[in-house]
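Just below is one structure, and these are the notes that go with it.
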Amino acid sequence: MTVSERPASGRAIRIVYCGPSESGKTTNLEALSQLLPSHALHKLLQLATETQRTLYFDLLSLELAMGGDTKLRIELFTVPGQSFYVNARRRVLREADGIVFVADSRRHRLDANIEALAEVAAAIEDAGRDVDDIPAVLQLNKCDDEHAVPHHELLALLGCDDEPFIEAVASEGRGVVETLRLISRHVLAPRMQFEPTF
Ligand SMILES: Nc1nc2c(ncn2[C@@H]2O[C@H](COP(=O)(O)OP(=O)(O)OP(=O)(O)O)[C@@H](O)[C@H]2O)c(=O)[nH]1
Ligand SMILES: [Mg+2]
């Protein structure tokens, strides 16, 4: 891989975790910082309120060895899910190279998922980009809840029957590395030969 194969400005590849408030976005990054091999991890920066709700964003920076001396930096961002942080979400989403939508599988969060998904699409379109041009995967989180909606029903309700998805319990580390592998493949495959080593 050469520098010219990196995104336009040579910056890191940015993957944004979005979804309704408290769906488990920050928990994904926390679990990854435990589960990924330490040589790949760069840093985890968390900006949270006293109540553990994300205030602006969280950032987990990874460095993947690509052979020789070449390293590829991937930055995983979360955005705050609470409704009044709409502008913070838009700023982070604007430059996303890939999106992980962390849905909350609990039945009473159905409307919140639908609303958050529509907002992601609107933010991308407002930034002059086409949603279909940005690789995206769905993580159906909180599958451990007794009121979790079955995955086929949740996908249909979100209008995402044909999208790639992973079922997860982020608080137990289940499905989080798989989610990162899936989105990394989608983002990197068109740019270079890539087989995740994590
Ligand atoms: N039962 C269960 N709880 C989870 C799961 N994933 C996360 N949680 C819990 O859900 C709560 C919210 O998780 P966060 O990761 O802070 O959610 P968030 O999406 O970052 O929330 P905001 O930053 O406010 O948008 C925490 O108490 C987590 O421990 C899961 O798969 N199952
Ligand atoms: Mg958070």
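Lettering and numbering for the structure tokens are positional, with chains as A, B, ... in the shown order, residues counted from 1 in each chain, and ligands counted from 1 in the shown order.
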Exercise. Taking the backbone alone, and naming residues the way the document does, which bits of stretch 15-164 of chain A are strand (DSSP E) by DSSP, as a PyMOL selection string?
Worked result: chain A and resi 15-18+41-48+54-65+71-78+98-104+136-141
Hey, which bits of chain A sit within 10 Å of ligand 2, and for each residue what's the closest pair of atoms and how far apart in Å (one decimal), counting only C-alpha atoms and all ligand atoms, rows by chain and increasing number, as a Markdown table?
| residue | atom | partner | partner_atom_place_in_ligand_line | distance |
| --- | --- | --- | --- | --- |
| A:Tyr17 | CA | ligand 2 | 1 (Mg) | 9.5 |
| A:Cys18 | CA | ligand 2 | 1 (Mg) | 9.2 |
| A:Gly19 | CA | ligand 2 | 1 (Mg) | 9.7 |
| A:Pro20 | CA | ligand 2 | 1 (Mg) | 9.7 |
| A:Ser21 | CA | ligand 2 | 1 (Mg) | 7.4 |
| A:Glu22 | CA | ligand 2 | 1 (Mg) | 6.6 |
| A:Ser23 | CA | ligand 2 | 1 (Mg) | 8.3 |
| A:Gly24 | CA | ligand 2 | 1 (Mg) | 6.8 |
| A:Lys25 | CA | ligand 2 | 1 (Mg) | 5.4 |
| A:Thr26 | CA | ligand 2 | 1 (Mg) | 4.1 |
| A:Thr27 | CA | ligand 2 | 1 (Mg) | 7.3 |
| A:Asn28 | CA | ligand 2 | 1 (Mg) | 9.2 |
| A:Leu29 | CA | ligand 2 | 1 (Mg) | 9.2 |
| A:Gln46 | CA | ligand 2 | 1 (Mg) | 8.7 |
| A:Leu47 | CA | ligand 2 | 1 (Mg) | 8.6 |
| A:Ala48 | CA | ligand 2 | 1 (Mg) | 7.2 |
| A:Thr49 | CA | ligand 2 | 1 (Mg) | 9.5 |
| A:Gln52 | CA | ligand 2 | 1 (Mg) | 7.2 |
| A:Arg53 | CA | ligand 2 | 1 (Mg) | 5.2 |
| A:Thr54 | CA | ligand 2 | 1 (Mg) | 3.9 |
| A:Leu55 | CA | ligand 2 | 1 (Mg) | 7.5 |
| A:Tyr56 | CA | ligand 2 | 1 (Mg) | 8.7 |
| A:Phe57 | CA | ligand 2 | 1 (Mg) | 7.2 |
| A:Asp58 | CA | ligand 2 | 1 (Mg) | 7.1 |
| A:Phe77 | CA | ligand 2 | 1 (Mg) | 9.9 |
| A:Thr78 | CA | ligand 2 | 1 (Mg) | 6.6 |
| A:Val79 | CA | ligand 2 | 1 (Mg) | 6.7 |
| A:Pro80 | CA | ligand 2 | 1 (Mg) | 5.4 |
| A:Gly81 | CA | ligand 2 | 1 (Mg) | 6.8 |
| A:Gln82 | CA | ligand 2 | 1 (Mg) | 9.0 |
Exercise. Among stretch 5-182 of chain A, which ones does DSSP place in alpha helix (DSSP H), written as number ranges by chain?
Worked result: A: 25-35, 86-94, 110-126, 151-158, 176-182
How would the residues just picked look written out with C-alpha atoms as a PDB file, in the first residue's frame?
ATOM      1  CA  LYS A  25     -21.823   2.908  21.020  1.00  0.00           C
ATOM      2  CA  THR A  26     -19.315   3.829  23.735  1.00  0.00           C
ATOM      3  CA  THR A  27     -19.504   0.268  25.091  1.00  0.00           C
ATOM      4  CA  ASN A  28     -18.356  -1.006  21.670  1.00  0.00           C
ATOM      5  CA  LEU A  29     -15.187   1.087  21.815  1.00  0.00           C
ATOM      6  CA  GLU A  30     -14.536   0.127  25.424  1.00  0.00           C
ATOM      7  CA  ALA A  31     -14.898  -3.562  24.558  1.00  0.00           C
ATOM      8  CA  LEU A  32     -12.626  -3.205  21.513  1.00  0.00           C
ATOM      9  CA  SER A  33      -9.949  -1.558  23.638  1.00  0.00           C
ATOM     10  CA  GLN A  34      -9.995  -4.722  25.788  1.00  0.00           C
ATOM     11  CA  LEU A  35     -10.327  -7.282  23.004  1.00  0.00           C
ATOM     12  CA  VAL A  86     -27.483  16.890  16.721  1.00  0.00           C
ATOM     13  CA  ASN A  87     -24.784  19.317  15.572  1.00  0.00           C
ATOM     14  CA  ALA A  88     -21.970  17.274  17.117  1.00  0.00           C
ATOM     15  CA  ARG A  89     -23.295  14.198  15.312  1.00  0.00           C
ATOM     16  CA  ARG A  90     -23.418  16.007  12.021  1.00  0.00           C
ATOM     17  CA  ARG A  91     -19.859  17.271  12.314  1.00  0.00           C
ATOM     18  CA  VAL A  92     -18.448  13.807  12.993  1.00  0.00           C
ATOM     19  CA  LEU A  93     -20.599  12.099  10.348  1.00  0.00           C
ATOM     20  CA  ARG A  94     -19.712  14.543   7.606  1.00  0.00           C
ATOM     21  CA  LEU A 110     -37.920   0.849  17.985  1.00  0.00           C
ATOM     22  CA  ASP A 111     -39.000   4.424  17.274  1.00  0.00           C
ATOM     23  CA  ALA A 112     -35.691   5.777  18.588  1.00  0.00           C
ATOM     24  CA  ASN A 113     -33.828   3.526  16.137  1.00  0.00           C
ATOM     25  CA  ILE A 114     -35.967   4.634  13.208  1.00  0.00           C
ATOM     26  CA  GLU A 115     -35.531   8.294  14.125  1.00  0.00           C
ATOM     27  CA  ALA A 116     -31.752   7.952  14.538  1.00  0.00           C
ATOM     28  CA  LEU A 117     -31.400   6.138  11.219  1.00  0.00           C
ATOM     29  CA  ALA A 118     -33.335   8.857   9.404  1.00  0.00           C
ATOM     30  CA  GLU A 119     -31.141  11.500  11.032  1.00  0.00           C
ATOM     31  CA  VAL A 120     -27.954   9.776   9.858  1.00  0.00           C
ATOM     32  CA  ALA A 121     -29.243   9.721   6.280  1.00  0.00           C
ATOM     33  CA  ALA A 122     -30.263  13.395   6.489  1.00  0.00           C
ATOM     34  CA  ALA A 123     -26.881  14.431   7.934  1.00  0.00           C
ATOM     35  CA  ILE A 124     -25.026  12.702   5.110  1.00  0.00           C
ATOM     36  CA  GLU A 125     -27.241  14.145   2.418  1.00  0.00           C
ATOM     37  CA  ASP A 126     -26.952  17.628   3.918  1.00  0.00           C
ATOM     38  CA  HIS A 151     -33.377  -9.725  14.025  1.00  0.00           C
ATOM     39  CA  HIS A 152     -35.530 -10.328  10.918  1.00  0.00           C
ATOM     40  CA  GLU A 153     -38.341  -8.214  12.377  1.00  0.00           C
ATOM     41  CA  LEU A 154     -35.975  -5.424  13.449  1.00  0.00           C
ATOM     42  CA  LEU A 155     -34.260  -5.311  10.052  1.00  0.00           C
ATOM     43  CA  ALA A 156     -37.625  -5.141   8.279  1.00  0.00           C
ATOM     44  CA  LEU A 157     -38.886  -2.357  10.563  1.00  0.00           C
ATOM     45  CA  LEU A 158     -35.715  -0.359   9.915  1.00  0.00           C
ATOM     46  CA  VAL A 176     -17.935  -6.156  18.637  1.00  0.00           C
ATOM     47  CA  VAL A 177     -14.780  -7.440  16.927  1.00  0.00           C
ATOM     48  CA  GLU A 178     -16.960  -9.084  14.250  1.00  0.00           C
ATOM     49  CA  THR A 179     -18.642  -5.725  13.623  1.00  0.00           C
ATOM     50  CA  LEU A 180     -15.298  -3.976  13.223  1.00  0.00           C
ATOM     51  CA  ARG A 181     -14.070  -6.699  10.861  1.00  0.00           C
ATOM     52  CA  LEU A 182     -17.195  -6.414   8.731  1.00  0.00           C
TER      53      LEU A 182
END
Problem set entry | Non-local contacts of A:Leu41 (12 Å; only C-alpha atoms; under 5 positions in same chain excluded) as a PyMOL selection string | chain A and resi 29-30+32-36+59-65+72-76+198
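In this model, the gap between atom CA of A:Pro150 and atom CA of A:Asp104 comes to 11.6 Å.
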For this session: Rank nothing, just name the residue among A:Asp69, A:Asp145, A:Asp133, A:Asp97 nearest to ligand 1, using only C-alpha atoms and all ligand atoms.
Result: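 So, comparing all the options, the nearest one is A:Asp145.
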For this session: Counting only C-alpha atoms, figure out which residue out of A:Arg129, A:His147, A:Lys142, A:Arg11 gets nearest to A:Arg107.
Result: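 With only C-alpha atoms as the atom set, the closest residue is A:His147.
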